[in-house]
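Data file: coords.cif. Format and content: mmCIF, C-alpha atoms.
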```cif
data_structure
loop_
_atom_site.label_atom_id
_atom_site.label_comp_id
_atom_site.auth_asym_id
_atom_site.auth_seq_id
_atom_site.Cartn_x
_atom_site.Cartn_y
_atom_site.Cartn_z
CA MET Y 2 143.71 162.32 77.23
CA GLY Y 3 142.43 160.53 74.10
CA ASN Y 4 141.09 157.63 76.17
CA ASN Y 5 139.37 160.08 78.50
CA ARG Y 6 137.64 161.80 75.58
CA ARG Y 7 136.52 158.49 74.13
CA LEU Y 8 135.12 157.45 77.49
CA ARG Y 9 133.21 160.70 77.83
CA PHE Y 10 131.84 160.41 74.31
CA LEU Y 11 130.76 156.84 75.10
CA ILE Y 12 128.96 157.98 78.26
CA ALA Y 13 127.18 160.79 76.38
CA SER Y 14 126.21 158.32 73.65
CA LEU Y 15 124.79 155.92 76.23
CA ILE Y 16 122.72 158.76 77.70
CA PHE Y 17 121.42 159.58 74.20
CA VAL Y 18 120.50 155.94 73.57
CA GLY Y 19 118.92 155.75 77.02
CA GLY Y 20 116.79 158.79 76.19
CA LEU Y 21 115.64 157.17 72.94
CA TRP Y 22 114.80 153.97 74.80
CA ARG Y 23 112.93 155.81 77.56
CA TYR Y 24 110.80 157.87 75.17
CA TRP Y 25 110.47 155.39 72.30
CA PRO Y 26 107.25 156.55 70.58
CA LEU Y 27 104.27 154.34 69.94
CA ASP Y 28 102.64 154.36 66.52
CA PHE Y 29 99.95 157.03 66.46
CA PRO Y 30 96.71 156.08 64.68
CA LEU Y 31 95.80 159.61 63.54
CA GLY Y 32 97.36 162.45 61.59
CA PRO Y 33 98.21 165.83 63.12
CA CYS Y 34 95.23 167.73 61.71
CA GLY Y 35 92.09 168.04 63.80
CA LEU Y 36 93.69 166.91 67.07
CA GLY Y 37 93.06 170.28 68.70
CA PHE Y 38 96.65 171.45 69.24
CA GLU Y 39 97.13 174.98 67.94
CA SER Y 40 100.71 174.29 66.86
CA LEU Y 41 99.60 171.37 64.70
CA GLU Y 42 96.53 173.15 63.34
CA ILE Y 43 98.61 176.06 62.04
CA GLY Y 44 101.02 173.60 60.42
CA CYS Y 45 98.06 171.91 58.74
CA SER Y 46 96.80 175.28 57.52
CA LEU Y 47 100.22 176.02 56.02
CA ALA Y 48 100.23 172.64 54.29
CA HIS Y 49 96.65 172.72 52.98
CA LYS Y 50 95.97 176.45 52.44
CA ALA Y 51 99.46 177.94 52.23
CA THR Y 52 98.46 180.45 54.93
CA PHE Y 53 99.55 180.91 58.53
CA SER Y 54 96.01 180.81 59.88
CA ASP Y 55 93.23 178.94 61.70
CA PRO Y 56 94.90 177.79 64.95
CA PHE Y 57 91.67 176.61 66.57
CA ALA Y 58 90.14 173.25 65.81
CA VAL Y 59 86.50 174.24 66.34
CA LEU Y 60 86.31 176.91 63.61
CA PRO Y 61 88.52 178.55 60.99
CA THR Y 62 89.24 182.04 62.34
CA GLY Y 63 91.52 183.53 59.70
CA PRO Y 64 95.12 184.83 59.79
CA THR Y 65 96.97 184.33 63.04
CA ALA Y 66 99.98 185.30 65.11
CA HIS Y 67 98.75 183.09 67.94
CA LEU Y 68 102.06 181.22 68.01
CA ALA Y 69 105.60 181.95 66.95
CA PRO Y 70 106.19 180.73 63.39
CA LEU Y 71 109.05 178.24 63.49
CA PHE Y 72 107.46 175.18 65.09
CA PRO Y 73 104.27 175.29 62.95
CA ALA Y 74 106.56 175.70 59.92
CA MET Y 75 108.35 172.51 60.97
CA ILE Y 76 104.99 170.72 61.18
CA TRP Y 77 104.22 172.00 57.69
CA GLY Y 78 107.48 170.49 56.45
CA LEU Y 79 106.70 167.12 57.99
CA ILE Y 80 103.21 167.11 56.46
CA ARG Y 81 104.63 168.00 53.05
CA TRP Y 82 107.16 165.18 53.39
CA PHE Y 83 105.02 162.43 54.98
CA GLY Y 84 101.46 163.54 54.18
CA ASP Y 85 98.81 164.44 56.76
CA GLY Y 86 98.19 160.90 57.97
CA PRO Y 87 99.66 158.94 60.90
CA ALA Y 88 103.15 158.91 59.34
CA SER Y 89 103.58 162.65 59.86
CA MET Y 90 102.37 162.42 63.47
CA ASP Y 91 104.85 159.60 64.04
CA ALA Y 92 107.53 161.87 62.60
CA VAL Y 93 106.52 164.62 65.04
CA GLN Y 94 106.90 162.16 67.92
CA TRP Y 95 110.23 160.79 66.70
CA LEU Y 96 111.68 164.24 66.14
CA GLY Y 97 110.66 165.35 69.62
CA THR Y 98 112.15 162.17 71.11
CA PHE Y 99 115.42 162.66 69.22
CA VAL Y 100 115.70 166.31 70.33
CA LEU Y 101 115.10 165.41 73.98
CA ALA Y 102 117.58 162.51 73.89
CA PHE Y 103 120.15 164.74 72.19
CA GLN Y 104 119.64 167.41 74.85
CA LEU Y 105 120.20 164.86 77.62
CA GLY Y 106 123.32 163.60 75.84
CA LEU Y 107 124.66 167.17 75.88
CA TRP Y 108 124.15 167.64 79.62
CA PRO Y 109 127.60 166.30 80.67
CA TRP Y 110 129.31 168.49 78.05
CA ALA Y 111 127.29 171.56 79.04
CA ALA Y 112 127.76 170.95 82.77
CA GLU Y 113 131.52 170.75 82.32
CA ARG Y 114 131.67 173.98 80.34
CA LEU Y 115 129.45 175.77 82.84
CA GLY Y 116 131.75 174.87 85.71
CA LEU Y 117 129.70 172.09 87.29
CA GLY Y 118 131.78 169.17 86.09
CA PHE Y 119 131.10 166.28 83.72
CA ALA Y 120 129.77 164.05 86.51
CA SER Y 121 127.00 166.53 87.36
CA GLY Y 122 125.63 166.28 83.85
CA VAL Y 123 125.75 162.49 83.94
CA ILE Y 124 123.91 162.36 87.28
CA GLY Y 125 121.25 164.83 86.09
CA ALA Y 126 120.64 163.10 82.75
CA ALA Y 127 120.48 159.67 84.40
CA ALA Y 128 117.94 160.97 86.92
CA TRP Y 129 115.80 162.39 84.10
CA ILE Y 130 115.86 159.10 82.18
CA LEU Y 131 115.03 157.03 85.26
CA VAL Y 132 112.13 159.28 86.27
CA GLY Y 133 110.81 159.90 82.75
CA PHE Y 134 109.51 163.47 82.79
CA THR Y 135 106.64 163.81 80.32
CA LEU Y 136 107.52 164.55 76.70
CA LEU Y 137 104.92 166.47 74.65
CA PRO Y 138 106.29 166.52 71.09
CA MET Y 139 103.30 168.43 69.72
CA TRP Y 140 104.69 171.58 71.39
CA GLU Y 141 107.97 173.45 70.97
CA ALA Y 142 109.19 172.97 74.57
CA PRO Y 143 111.87 170.29 73.86
CA TYR Y 144 113.37 172.43 71.10
CA VAL Y 145 113.38 175.55 73.28
CA ALA Y 146 115.04 173.58 76.10
CA LEU Y 147 117.80 172.38 73.78
CA LEU Y 148 118.48 175.87 72.45
CA ILE Y 149 118.47 177.45 75.92
CA LEU Y 150 121.05 174.89 77.07
CA ILE Y 151 123.30 175.59 74.07
CA LEU Y 152 122.84 179.34 74.48
CA ALA Y 153 123.81 179.10 78.15
CA VAL Y 154 127.14 177.56 77.11
CA CYS Y 155 127.63 180.14 74.36
CA MET Y 156 126.83 183.09 76.64
CA HIS Y 157 129.16 181.71 79.31
CA ARG Y 158 131.98 181.85 76.77
CA VAL Y 159 131.03 185.39 75.77
CA LEU Y 160 130.97 186.50 79.41
CA SER Y 161 134.13 184.76 80.56
CA GLU Y 162 136.62 184.65 77.67
CA LYS Y 163 137.61 186.32 74.43
CA VAL Y 164 135.62 184.99 71.47
CA SER Y 165 135.64 185.65 67.74
CA THR Y 166 133.12 187.87 66.00
CA ALA Y 167 131.95 184.81 64.05
CA PHE Y 168 131.08 183.13 67.35
CA ILE Y 169 129.10 186.22 68.36
CA PHE Y 170 127.16 186.10 65.09
CA LEU Y 171 126.43 182.40 65.68
CA THR Y 172 125.21 183.13 69.20
CA GLY Y 173 123.01 185.96 67.93
CA ALA Y 174 121.55 183.63 65.30
CA LEU Y 175 120.69 181.08 68.00
CA TRP Y 176 118.87 183.82 69.91
CA GLY Y 177 116.92 184.65 66.75
CA ILE Y 178 115.96 181.02 66.24
CA ILE Y 179 114.74 180.62 69.81
CA PHE Y 180 112.58 183.76 69.54
CA LEU Y 181 111.00 182.32 66.38
CA LEU Y 182 110.07 179.28 68.48
CA ASN Y 183 108.90 181.06 71.64
CA PRO Y 184 109.12 184.68 72.84
CA VAL Y 185 109.38 183.85 76.56
CA PRO Y 186 113.24 183.89 76.58
CA LEU Y 187 113.17 187.62 75.68
CA LEU Y 188 113.48 188.73 79.32
CA ALA Y 189 116.53 186.56 79.96
CA TYR Y 190 118.01 187.77 76.68
CA GLY Y 191 117.51 191.39 77.74
CA ALA Y 192 119.29 190.83 81.05
CA LEU Y 193 122.18 188.94 79.48
CA ILE Y 194 122.63 191.48 76.70
CA PHE Y 195 122.70 194.26 79.31
CA TRP Y 196 125.41 192.27 81.08
CA VAL Y 197 127.42 191.93 77.87
CA ILE Y 198 127.03 195.55 76.74
CA CYS Y 199 127.42 197.35 80.06
CA ILE Y 200 129.79 195.14 82.05
CA ARG Y 201 131.71 192.86 79.70
CA ARG Y 202 134.53 194.51 77.74
CA ILE Y 203 134.24 193.23 74.18
CA PRO Y 204 134.59 195.02 70.81
CA VAL Y 205 131.74 197.34 69.86
CA ILE Y 206 131.02 195.35 66.68
CA GLN Y 207 130.37 192.28 68.81
CA LYS Y 208 127.99 194.16 71.11
CA VAL Y 209 126.10 195.49 68.09
CA ALA Y 210 125.94 192.04 66.52
CA MET Y 211 124.40 190.51 69.66
CA VAL Y 212 121.49 192.92 69.28
CA VAL Y 213 121.19 193.28 65.52
CA VAL Y 214 121.43 189.64 64.42
CA PRO Y 215 118.34 188.44 66.36
CA LEU Y 216 116.39 191.53 65.22
CA VAL Y 217 117.27 190.84 61.58
CA MET Y 218 116.08 187.25 61.95
CA LEU Y 219 112.80 188.41 63.50
CA SER Y 220 112.15 191.18 60.98
CA PRO Y 221 110.41 189.11 58.23
CA TRP Y 222 107.89 187.82 60.78
CA VAL Y 223 107.31 191.29 62.25
CA ILE Y 224 106.81 192.75 58.75
CA ARG Y 225 104.37 189.96 57.92
CA ASN Y 226 102.34 190.69 61.05
CA GLU Y 227 102.30 194.42 60.28
CA ARG Y 228 100.99 193.78 56.78
CA VAL Y 229 98.38 191.23 57.89
CA PHE Y 230 97.10 192.87 61.09
CA HIS Y 231 98.13 196.51 60.49
CA HIS Y 232 99.62 196.60 63.99
CA PHE Y 233 103.01 195.93 65.48
CA ILE Y 234 103.20 192.39 66.86
CA LEU Y 235 106.68 191.40 67.93
CA ILE Y 236 106.27 187.61 67.87
CA ARG Y 237 102.82 186.43 68.98
CA ASP Y 238 99.59 188.17 69.99
CA ASN Y 239 97.85 185.75 72.37
CA LEU Y 240 98.68 187.45 75.68
CA GLY Y 241 95.22 188.99 76.10
CA MET Y 242 93.46 185.70 75.45
CA GLU Y 243 95.66 183.79 77.90
CA LEU Y 244 95.41 186.44 80.63
CA TRP Y 245 91.64 186.54 80.32
CA ASN Y 246 91.31 182.75 80.56
CA SER Y 247 93.56 182.83 83.63
CA ASN Y 248 92.23 185.86 85.49
CA ASN Y 249 88.44 186.14 85.62
CA PRO Y 250 85.71 185.56 88.23
CA CYS Y 251 85.79 181.75 88.05
CA SER Y 252 89.51 181.22 87.38
CA ALA Y 253 91.55 178.60 89.21
CA PHE Y 254 95.34 178.46 89.20
CA SER Y 255 95.74 175.73 86.58
CA PHE Y 256 94.48 174.75 83.15
CA ARG Y 257 93.32 171.39 84.49
CA ASN Y 258 91.26 172.94 87.28
CA ASN Y 259 89.77 175.59 84.98
CA ARG Y 260 88.73 172.97 82.48
CA ALA Y 261 87.20 170.72 85.16
CA ALA Y 262 85.20 173.66 86.55
CA GLY Y 263 83.89 174.72 83.13
CA CYS Y 264 85.91 177.92 83.32
CA PHE Y 265 88.08 177.39 80.24
CA HIS Y 266 86.47 179.57 77.57
CA HIS Y 267 89.24 179.39 75.02
CA PRO Y 268 88.61 179.72 71.26
CA ASN Y 269 90.23 176.34 70.78
CA GLU Y 270 87.34 174.69 72.64
CA SER Y 271 84.55 177.28 72.68
CA VAL Y 272 82.67 177.82 69.44
CA ALA Y 273 81.27 181.09 70.78
CA GLU Y 274 84.74 182.49 71.47
CA ALA Y 275 86.06 181.23 68.13
CA GLU Y 276 83.18 183.05 66.40
CA LYS Y 277 84.21 186.25 68.19
CA VAL Y 278 87.78 185.82 66.94
CA ARG Y 279 86.52 185.35 63.40
CA ALA Y 280 84.17 188.32 63.59
CA MET Y 281 86.52 190.77 65.33
CA GLY Y 282 89.84 189.57 63.95
CA GLU Y 283 92.49 187.99 66.13
CA TYR Y 284 94.33 191.20 67.05
CA ALA Y 285 91.17 193.09 68.10
CA TYR Y 286 89.91 190.06 70.03
CA ASN Y 287 93.15 189.78 71.99
CA GLN Y 288 93.21 193.50 72.75
CA ALA Y 289 89.63 193.31 74.06
CA LYS Y 290 90.47 190.32 76.25
CA LEU Y 291 93.59 192.07 77.51
CA ARG Y 292 91.50 195.05 78.65
CA GLU Y 293 88.95 192.76 80.32
CA SER Y 294 91.61 190.83 82.21
CA LEU Y 295 93.46 193.98 83.32
CA ASP Y 296 90.17 195.47 84.56
CA TRP Y 297 89.42 192.32 86.55
CA ILE Y 298 92.94 192.34 88.05
CA LYS Y 299 92.53 196.03 88.95
CA TYR Y 300 89.30 195.42 90.87
CA ASN Y 301 90.26 192.03 92.34
CA PRO Y 302 93.85 192.46 93.56
CA GLY Y 303 93.48 189.97 96.41
CA LYS Y 304 92.20 187.16 94.20
CA PHE Y 305 94.84 187.93 91.59
CA ALA Y 306 97.60 187.87 94.22
CA ASP Y 307 96.36 184.50 95.49
CA LEU Y 308 96.26 183.02 91.98
CA THR Y 309 99.77 184.36 91.32
CA ARG Y 310 101.02 182.80 94.55
CA GLN Y 311 99.51 179.44 93.62
CA ARG Y 312 100.99 179.57 90.13
CA PHE Y 313 104.40 180.44 91.51
CA LEU Y 314 104.29 177.39 93.77
CA ALA Y 315 102.89 175.23 90.98
CA PHE Y 316 105.65 176.26 88.58
CA TRP Y 317 108.41 175.30 90.99
CA PHE Y 318 106.78 172.44 92.91
CA TYR Y 319 104.02 171.39 90.44
CA THR Y 320 101.40 171.83 93.16
CA PRO Y 321 100.46 174.80 95.37
CA GLY Y 322 99.03 172.68 98.16
CA GLY Y 323 98.52 169.10 97.09
CA ASN Y 324 95.46 169.83 94.98
CA TYR Y 325 96.95 169.57 91.48
CA PHE Y 326 97.40 165.83 91.97
CA SER Y 327 94.42 165.40 94.33
CA GLY Y 328 92.78 162.02 93.88
CA ARG Y 329 95.76 160.67 91.93
CA PRO Y 330 98.99 158.95 92.97
CA ILE Y 331 101.86 161.41 93.26
CA PRO Y 332 104.26 160.50 90.41
CA ALA Y 333 107.94 159.83 91.03
CA SER Y 334 108.84 162.88 88.93
CA LEU Y 335 107.07 165.10 91.46
CA TRP Y 336 109.02 163.65 94.37
CA ILE Y 337 112.20 164.32 92.38
CA ILE Y 338 111.12 167.92 91.76
CA TRP Y 339 110.49 168.45 95.48
CA LEU Y 340 113.99 167.13 96.21
CA ILE Y 341 115.66 169.08 93.41
CA GLU Y 342 114.55 172.56 94.46
CA PRO Y 343 116.43 172.84 97.79
CA LEU Y 344 119.43 170.94 96.39
CA SER Y 345 119.61 173.28 93.37
CA LEU Y 346 119.80 176.33 95.66
CA ALA Y 347 122.69 174.74 97.54
CA GLY Y 348 124.34 173.85 94.25
CA LEU Y 349 123.97 177.39 92.92
CA TRP Y 350 125.67 178.76 96.03
CA MET Y 351 128.56 176.35 95.53
CA LEU Y 352 128.72 177.33 91.85
CA PHE Y 353 128.74 181.03 92.73
CA GLN Y 354 131.87 180.44 94.80
CA ARG Y 355 133.53 178.68 91.85
CA ASP Y 356 132.27 180.53 88.74
CA ARG Y 357 130.20 183.67 89.18
CA SER Y 358 129.49 184.09 85.46
CA SER Y 359 127.97 180.62 85.31
CA ALA Y 360 125.93 181.17 88.47
CA GLY Y 361 124.66 184.46 87.01
CA LEU Y 362 123.56 182.67 83.84
CA PHE Y 363 121.63 180.07 85.80
CA LEU Y 364 119.95 182.77 87.89
CA ALA Y 365 119.00 184.79 84.80
CA TRP Y 366 117.10 181.82 83.37
CA LEU Y 367 115.62 180.67 86.67
CA VAL Y 368 114.40 184.14 87.68
CA LEU Y 369 113.35 185.73 84.38
CA PHE Y 370 112.07 182.87 82.21
CA PRO Y 371 109.12 181.92 84.47
CA LEU Y 372 107.81 185.43 85.19
CA ILE Y 373 104.99 185.42 82.62
CA TYR Y 374 103.86 181.98 83.80
CA TYR Y 375 103.02 183.28 87.27
CA PHE Y 376 100.16 185.27 85.70
CA ILE Y 377 98.58 182.64 83.44
CA GLU Y 378 97.04 179.27 84.21
CA PHE Y 379 99.60 176.64 85.11
CA ILE Y 380 100.45 173.82 82.68
CA PRO Y 381 103.32 171.47 83.63
CA ARG Y 382 105.00 171.72 80.21
CA TYR Y 383 105.82 175.38 80.88
CA ARG Y 384 108.61 174.23 83.20
CA VAL Y 385 110.30 171.91 80.69
CA PRO Y 386 112.58 174.46 78.94
CA ILE Y 387 114.45 175.28 82.16
CA LEU Y 388 114.28 172.01 84.09
CA TRP Y 389 117.96 171.51 83.27
CA ALA Y 390 118.75 174.76 85.15
CA SER Y 391 117.41 173.22 88.36
CA ILE Y 392 118.57 169.64 87.87
CA LEU Y 393 122.21 170.41 86.99
CA PRO Y 394 122.94 172.56 90.11
CA ALA Y 395 121.25 169.91 92.27
CA SER Y 396 123.41 167.23 90.63
CA PHE Y 397 126.45 169.46 91.18
CA TYR Y 398 125.69 169.66 94.89
CA LEU Y 399 125.29 165.87 95.10
CA SER Y 400 128.50 165.17 93.17
CA GLN Y 401 130.51 167.65 95.24
CA SER Y 402 129.08 166.28 98.49
CA ALA Y 403 129.89 162.72 97.44
CA GLN Y 404 133.40 163.77 96.49
CA ARG Y 405 133.95 165.41 99.88
CA VAL Y 406 132.66 162.35 101.73
CA TRP Y 407 134.95 160.11 99.67
CA GLN Y 408 137.97 162.30 100.37
CA ARG Y 409 137.27 162.27 104.10
CA LEU Y 410 136.93 158.48 104.06
CA ARG Y 411 140.25 158.15 102.25
CA LYS Y 412 141.95 160.47 104.73
CA SER Y 413 140.54 158.58 107.70
CA ARG Y 414 141.64 155.23 106.21
CA SER Y 415 145.12 156.60 105.52
CA ALA Y 416 145.39 157.90 109.07
CA PHE Y 417 144.19 154.56 110.42
CA ALA Y 418 146.73 152.68 108.28
CA VAL Y 419 149.58 154.91 109.48
CA HIS Y 420 148.50 154.39 113.06
CA GLU Y 421 148.55 150.61 112.61
CA ILE Y 422 152.11 150.44 111.14
CA PRO Y 423 154.37 149.03 113.87
CA ALA Y 424 157.34 151.12 114.90
CA PRO Y 425 160.82 149.81 113.89
CA GLY Y 426 162.16 147.32 116.36
CA ALA Y 427 158.78 146.71 117.94
#
```

Output the file's structure as structure tokens, nothing else.
Amino acid sequence: MGNNRRLRFLIASLIFVGGLWRYWPLDFPLGPCGLGFESLEIGCSLAHKATFSDPFAVLPTGPTAHLAPLFPAMIWGLIRWFGDGPASMDAVQWLGTFVLAFQLGLWPWAAERLGLGFASGVIGAAAWILVGFTLLPMWEAPYVALLILILAVCMHRVLSEKVSTAFIFLTGALWGIIFLLNPVPLLAYGALIFWVICIRRIPVIQKVAMVVVPLVMLSPWVIRNERVFHHFILIRDNLGMELWNSNNPCSAFSFRNNRAAGCFHHPNESVAEAEKVRAMGEYAYNQAKLRESLDWIKYNPGKFADLTRQRFLAFWFYTPGGNYFSGRPIPASLWIIWLIEPLSLAGLWMLFQRDRSSAGLFLAWLVLFPLIYYFIEFIPRYRVPILWASILPASFYLSQSAQRVWQRLRKSRSAFAVHEIPAPGA
């Protein structure tokens, strides 16, 4: 048993080292400020002005809830530690690389605990490293992916076995942390909490803790937003802006296509829109854009339905009809994605037959996490936080299929050997 554990730890360590090697960052010649990424700009504002404000590079627009607070706060910490020059941007890259490599190193452990087997995690992580899916360390996606993976394991324990109240508090705290990074997991959280409260028989104090702990962790941010904007903002307030940029008379299905067509009128690139944000205030601007986008959707249901269809296909297959990569070579990662999708469905069916709680967890993330992304312009990084939930079931199907083929070969060889043994006295 001890040798087996050491071997597994060695394999996970090799995956971690392989992830570091695959994504080894290059020295970046610039600092994080002024690059045009909202996450970095807010971190720079925290470092230089001590205010959570000015997310757009073209103009200072005042206080913001454009993004959840935790990732910009991390950027602030790196700037305070390394300064606002290239060293802090290198630190951003290295931290993102470390988090991704650590996540991949956890895949075999997580796959085993979710009922897919250690080998499935090894196959999935090796495939990721060989293909080299894009890492964008200036966004929170790698951190969200890591936390979702850990939460999937934690929630599987909560749903399938008796756990301590301390473990419940830890799980609730992880939910709170992930919401402070990105609010998109809220729908999956709601479904899983409903499962725990209404179906799973656990002590009442544990059910209460699963709800209260994340709310307590969110409360300082919610109170801050109420005091600054005089309105309730749960985590971030950019929905109106994103819907409007994604659903208007000239909208295409993706950010890349909108930008190429001159249809990306975002305050981060449009001085005119940034001036509106500054004049109206961010909350009022987003509410106005929300009304405009909902009006357009109301009067253009056919166009909206077509855009939604394209974004659905783009989210799962990275292209709705070959046009996202038109004029460019199709990368190996895209071929892998096209292969993964049907294999993951087969793997989920096999998992459902083995462990229904685990299959339900995978489905909760795969169905509920992407919903908001079907209505806003497609960007490939939106898929990153739940790529593991497609790759691991696909790897499970491959490992189980290989195991069955191997067993049949062994049986056929054994039968052939028995047939060839001469009878006594022959």

So for stretch 190-199 of chain Y, what box centre and size do we get, axis-aligned, 6 Å extra on each of the six sides, every listed atom, Å to one decimal, as JSON?
```
{"center_x": 122.5, "center_y": 192.6, "center_z": 78.9, "size_x": 21.9, "size_y": 21.6, "size_z": 16.4}
```

### Message
Quick one: residues within 9 Å of stretch 299-305 of chain Y, only C-alpha atoms, excluding same-chain residues fewer than 4 positions away - as a ChimeraX atom specification?
### Response
/Y:248-250,294-295,309-310,376

### Task
Show which residues sit within 9 Å of Y:Ala66, as a PyMOL selection string. Count only C-alpha atoms, and ignore same-chain residues fewer than 6 positions away.
chain Y and resi 53-54+226+234+236-239+283-284

### Straight-line distance linking atom CA of Y:Leu115 with atom CA of Y:Trp140, stated in Å to one decimal
27.6 Å

#### Entry: One-decimal distance in Å that lies between atom CA of Y:Leu117 and atom CA of Y:Glu162
17.3 Å

### Message
From the options Y:Trp108, Y:Arg405, Y:Leu152, Y:His157, which residue's atoms come nearest to Y:Asp356, counting all atoms listed in the file?
### Response
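Selected residue with least distance to Y:Asp356: Y:His157.
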
#### Entry: Atom pair atom CA of Y:Ile331 / atom CA of Y:Trp389: separation (Å)
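If I compute the distance from atom CA of Y:Ile331 to atom CA of Y:Trp389, I get 21.5 Å.
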
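Excluding Y:Trp366 itself and same-chain residues fewer than 5 positions from it, the residues having an atom within 10 Å of it are Ile149, Ala153, Pro186, Leu188, Ala189, Tyr190, Ala192, Leu193, Gly361, Pro371, Pro386, Ile387, Ala390 and Ser391 of chain Y, counting all atoms listed in the file.
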
Would you write out those residues with C-alpha atoms, as a PDB file, in the coordinates of the input?
```pdb
ATOM      1  CA  ILE Y 149     118.470 177.450  75.920  1.00  0.00           C
ATOM      2  CA  ALA Y 153     123.810 179.100  78.150  1.00  0.00           C
ATOM      3  CA  PRO Y 186     113.240 183.890  76.580  1.00  0.00           C
ATOM      4  CA  LEU Y 188     113.480 188.730  79.320  1.00  0.00           C
ATOM      5  CA  ALA Y 189     116.530 186.560  79.960  1.00  0.00           C
ATOM      6  CA  TYR Y 190     118.010 187.770  76.680  1.00  0.00           C
ATOM      7  CA  ALA Y 192     119.290 190.830  81.050  1.00  0.00           C
ATOM      8  CA  LEU Y 193     122.180 188.940  79.480  1.00  0.00           C
ATOM      9  CA  GLY Y 361     124.660 184.460  87.010  1.00  0.00           C
ATOM     10  CA  PRO Y 371     109.120 181.920  84.470  1.00  0.00           C
ATOM     11  CA  PRO Y 386     112.580 174.460  78.940  1.00  0.00           C
ATOM     12  CA  ILE Y 387     114.450 175.280  82.160  1.00  0.00           C
ATOM     13  CA  ALA Y 390     118.750 174.760  85.150  1.00  0.00           C
ATOM     14  CA  SER Y 391     117.410 173.220  88.360  1.00  0.00           C
TER      15      SER Y 391
END
```

### Query
Pick from Y:Leu367, Y:Val164, Y:Ile124, Y:Leu150: nearest to Y:Ala403, with only C-alpha atoms counted?
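Residue with the minimum atom-to-atom distance to Y:Ala403: Y:Ile124.
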
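The residue set within 10 Å of Y:Arg202, counting all atoms listed in the file and dropping same-chain residues fewer than 5 places from it, reads Val159, Leu160, Lys163, Trp196, Val197 and Lys208 of chain Y.
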
Running the PyMOL selection byres ((chain Y and resi 106) around 10) on this model by hand, what would come out? Give it as a compact mmCIF listing (two decimals) with C-alpha atoms, in the coordinates of the input.
```txt
# COMPACT_ATOMS: atom_id res chain seq x y z
CA PHE Y 10 131.84 160.41 74.31
CA ILE Y 12 128.96 157.98 78.26
CA ALA Y 13 127.18 160.79 76.38
CA SER Y 14 126.21 158.32 73.65
CA LEU Y 15 124.79 155.92 76.23
CA ILE Y 16 122.72 158.76 77.70
CA PHE Y 17 121.42 159.58 74.20
CA VAL Y 18 120.50 155.94 73.57
CA GLY Y 19 118.92 155.75 77.02
CA GLY Y 20 116.79 158.79 76.19
CA VAL Y 100 115.70 166.31 70.33
CA LEU Y 101 115.10 165.41 73.98
CA ALA Y 102 117.58 162.51 73.89
CA PHE Y 103 120.15 164.74 72.19
CA GLN Y 104 119.64 167.41 74.85
CA LEU Y 105 120.20 164.86 77.62
CA LEU Y 107 124.66 167.17 75.88
CA TRP Y 108 124.15 167.64 79.62
CA PRO Y 109 127.60 166.30 80.67
CA TRP Y 110 129.31 168.49 78.05
CA ALA Y 111 127.29 171.56 79.04
CA GLY Y 122 125.63 166.28 83.85
CA VAL Y 123 125.75 162.49 83.94
CA ALA Y 126 120.64 163.10 82.75
CA ALA Y 127 120.48 159.67 84.40
```

### Task
Return the single residue from Y:Gly116, Y:Leu31, Y:Gly177, Y:Trp95 that is closest to Y:Gln354, with distances computed using all atoms listed in the file.
Y:Gly116

### Message
Could you tell me, as a PyMOL selection string, exactly which residues end up selected when the PyMOL selection byres ((chain Y and resi 88) around 10) is applied to this structure?
### Response
chain Y and resi 28-33+79-80+82-87+89-94
